[in-house]
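> I have a structure I would like to understand better, so I am pasting it below and will then ask my questions one at a time.
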Amino acid sequence: LGMAYTWNARPAEAERLHREALDIHVRSLGMDHPTTLYSMNFLGSALSGQGRFDDAERQFREGGEIAQRILGPHHLVTLSFLANRAAALRQQGKLADAEPLLREVFDTSRLVLGETHSTTLGMAAALGEALTAMNRFDEAESVVRPALETARQTYGPAHHDTSQTLLSALAKLSEARGDDAAAAALHRELFDIRRQALGLEHPHTRETGDRLMQILRRQGNAAAAEALELELSAAGA
């Protein structure tokens with residue numbers, strides 16, 4: 001039930017239920033039991049859902065330390081704690097702290113799961129976006145571009161958790177570099193994929209369309225930006 005509240009954007013209720021579950025598991029199973037670790041991870045996600053990223057980061061850090069000790073650094077539960085902790089740090093703007101964690105999860109995922117696994121490719125996108133935010137553009141491209149090619153070959157161009165996520169990361173990288181021509185082409189490609197796969201009313205499609213409109217206006221292409229705006233407005237009517 002706690003996860004259902006989390007998925008349905010009711011993080012306060014989710015937090016209460018996950019705290020209750022964690023207390024029960026700690027008393028009955030102990031801190032080192034895998035079920036207890038799952039409860040810690042779920043609680044951290046509920047805290048993140050409320051914007052309490054500092055509290056969430058502490059929860060993920062504590063759980064990750066236990067998971068690494070009892071399950072080892074290559075276990076998926078350990079990697080999940082590390083990835084979630086990195087996400088909480090990114091939300092706080094602590095990119096220098098998040099980047100080594102993201103790289104650790106990415107490298108370990110490549111080793112344990114393989115280059116084509118969706119988790120590996122998702123972590124490539126997260127690492128690339130963090131590097132982009134730190135203005136380390138060449139490093140970001142060296143991670144994102146080959147991962148995007150792998151995702152397209154493995155899952156097809158429209159796969160949400162890999163190809164779309166990586167294409168978005170590459171588009172944001174081009175935009176951050178000031179290459180509006182490349183950014184516009186990539187955002188257009190992503191917009192067309194999302195329009196077909198998700199529909200014009202989906203938040204991800206509309207977000208991509210909004211970013212594309214901003215770039216088109218910067219390029220002085222007012223007609224294309226207006227046409228896109230009208231398309232999105234008609235879909236939202």
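Labels used: A, B, ... for chains in the order of the structure tokens, numbers from 1 for residues in each chain, and numbers from 1 for ligands as shown.
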Can you tell me which residues surround region 168-185 of chain A at a distance of at most 6 Å, considering only C-alpha atoms, apart from same-chain residues fewer than 6 positions away, and format the answer as a count of residues only?

3

> Using only C-alpha atoms, determine which residues lie at most 8 Å from Leu22 (chain A), disregarding the query and same-chain residues fewer than 6 positions distant; provide the list as a PDB file with N, CA, C and O atoms, in the first residue's frame.


ATOM      1  N   THR A  36      14.293  -5.468   5.414  1.00  0.00           N
ATOM      2  CA  THR A  36      14.463  -4.184   6.090  1.00  0.00           C
ATOM      3  C   THR A  36      15.092  -3.163   5.152  1.00  0.00           C
ATOM      4  O   THR A  36      14.693  -1.986   5.132  1.00  0.00           O
ATOM      5  N   SER A  39      12.581  -1.753   2.834  1.00  0.00           N
ATOM      6  CA  SER A  39      11.756  -0.749   3.510  1.00  0.00           C
ATOM      7  C   SER A  39      12.490   0.576   3.633  1.00  0.00           C
ATOM      8  O   SER A  39      11.888   1.650   3.490  1.00  0.00           O
ATOM      9  N   MET A  40      13.796   0.532   3.899  1.00  0.00           N
ATOM     10  CA  MET A  40      14.583   1.763   3.989  1.00  0.00           C
ATOM     11  C   MET A  40      14.610   2.486   2.651  1.00  0.00           C
ATOM     12  O   MET A  40      14.495   3.716   2.584  1.00  0.00           O
TER      13      MET A  40
END

> When you count only C-alpha atoms, which of these residues is closest to Arg69 (chain A): A:Leu95, A:Met31, A:Leu198, A:Ala124?

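Ranking A:Leu95, A:Met31, A:Leu198, A:Ala124 by distance to Arg69 (chain A), first place goes to A:Met31.
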
> Within region 77-204 of chain A, find each residue whose DSSP state, derived from the backbone, is helix (DSSP H, G or I), and express the selection as JSON, numbers by chain.

{"A": [77, 78, 79, 80, 81, 82, 83, 84, 85, 86, 87, 88, 89, 90, 91, 95, 96, 97, 98, 99, 100, 101, 102, 103, 104, 105, 106, 107, 108, 109, 110, 111, 112, 118, 119, 120, 121, 122, 123, 124, 125, 126, 127, 128, 129, 130, 131, 132, 133, 137, 138, 139, 140, 141, 142, 143, 144, 145, 146, 147, 148, 149, 150, 151, 152, 153, 154, 155, 160, 161, 162, 163, 164, 165, 166, 167, 168, 169, 170, 171, 172, 173, 174, 175, 176, 180, 181, 182, 183, 184, 185, 186, 187, 188, 189, 190, 191, 192, 193, 194, 195, 196, 197, 203, 204]}

> Skipping near chain neighbours, those fewer than 6 positions away, what residues fall within 9 Å of region 110-121 of chain A using only C-alpha atoms, listed as a PyMOL selection string?

chain A and resi 74-75+144+147-148+150-151+154-155+161-163+165-166

> Could the residues in this selection be saved with N, CA, C and O atoms as a CSV table (one decimal), in the first residue's frame?


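File produced: part.csv:
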chain,number,residue,atom,x,y,z
A,74,HIS,N,28.2,-5.2,-5.6
A,74,HIS,CA,27.7,-5.4,-6.9
A,74,HIS,C,26.2,-5.8,-6.8
A,74,HIS,O,25.6,-6.1,-7.9
A,75,HIS,N,25.6,-5.9,-5.6
A,75,HIS,CA,24.2,-6.3,-5.5
A,75,HIS,C,23.3,-5.2,-6.0
A,75,HIS,O,23.6,-4.0,-5.8
A,144,VAL,N,27.1,9.6,-23.1
A,144,VAL,CA,25.7,9.6,-23.6
A,144,VAL,C,25.6,9.1,-25.0
A,144,VAL,O,24.8,8.2,-25.3
A,147,ALA,N,26.0,5.3,-25.5
A,147,ALA,CA,24.9,4.6,-24.8
A,147,ALA,C,23.6,4.8,-25.6
A,147,ALA,O,22.8,3.8,-25.7
A,148,LEU,N,23.4,5.9,-26.2
A,148,LEU,CA,22.2,6.2,-27.1
A,148,LEU,C,22.2,5.2,-28.3
A,148,LEU,O,21.2,4.6,-28.6
A,150,THR,N,23.7,2.3,-28.4
A,150,THR,CA,23.4,1.0,-27.9
A,150,THR,C,21.9,0.8,-27.6
A,150,THR,O,21.3,-0.2,-27.9
A,151,ALA,N,21.3,1.8,-27.0
A,151,ALA,CA,19.9,1.7,-26.7
A,151,ALA,C,19.0,1.6,-27.9
A,151,ALA,O,18.0,0.8,-28.0
A,154,THR,N,19.4,-1.9,-29.3
A,154,THR,CA,18.9,-2.9,-28.4
A,154,THR,C,17.4,-2.8,-28.2
A,154,THR,O,16.6,-3.9,-28.3
A,155,TYR,N,16.8,-1.6,-28.0
A,155,TYR,CA,15.4,-1.5,-27.6
A,155,TYR,C,14.6,-0.7,-28.7
A,155,TYR,O,13.4,-0.6,-28.5
A,161,ASP,N,12.6,4.3,-21.2
A,161,ASP,CA,13.6,4.3,-20.1
A,161,ASP,C,15.0,4.3,-20.6
A,161,ASP,O,16.0,4.5,-19.8
A,162,THR,N,15.2,4.1,-21.9
A,162,THR,CA,16.6,4.1,-22.5
A,162,THR,C,16.8,5.1,-23.6
A,162,THR,O,17.3,6.2,-23.4
A,163,SER,N,16.2,4.8,-24.7
A,163,SER,CA,16.5,5.6,-25.9
A,163,SER,C,15.9,7.1,-25.7
A,163,SER,O,16.6,8.0,-26.0
A,165,THR,N,15.3,8.7,-22.9
A,165,THR,CA,16.0,9.3,-21.8
A,165,THR,C,17.4,9.8,-22.3
A,165,THR,O,17.8,10.9,-22.0
A,166,LEU,N,18.0,8.9,-23.1
A,166,LEU,CA,19.4,9.3,-23.5
A,166,LEU,C,19.3,10.4,-24.6
A,166,LEU,O,20.2,11.2,-24.7

> So how far away is CA of Asp107 (chain A) from CA of Asp32 (chain A), in Å?

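Rounded to one decimal, the two atoms are 25.6 Å apart.
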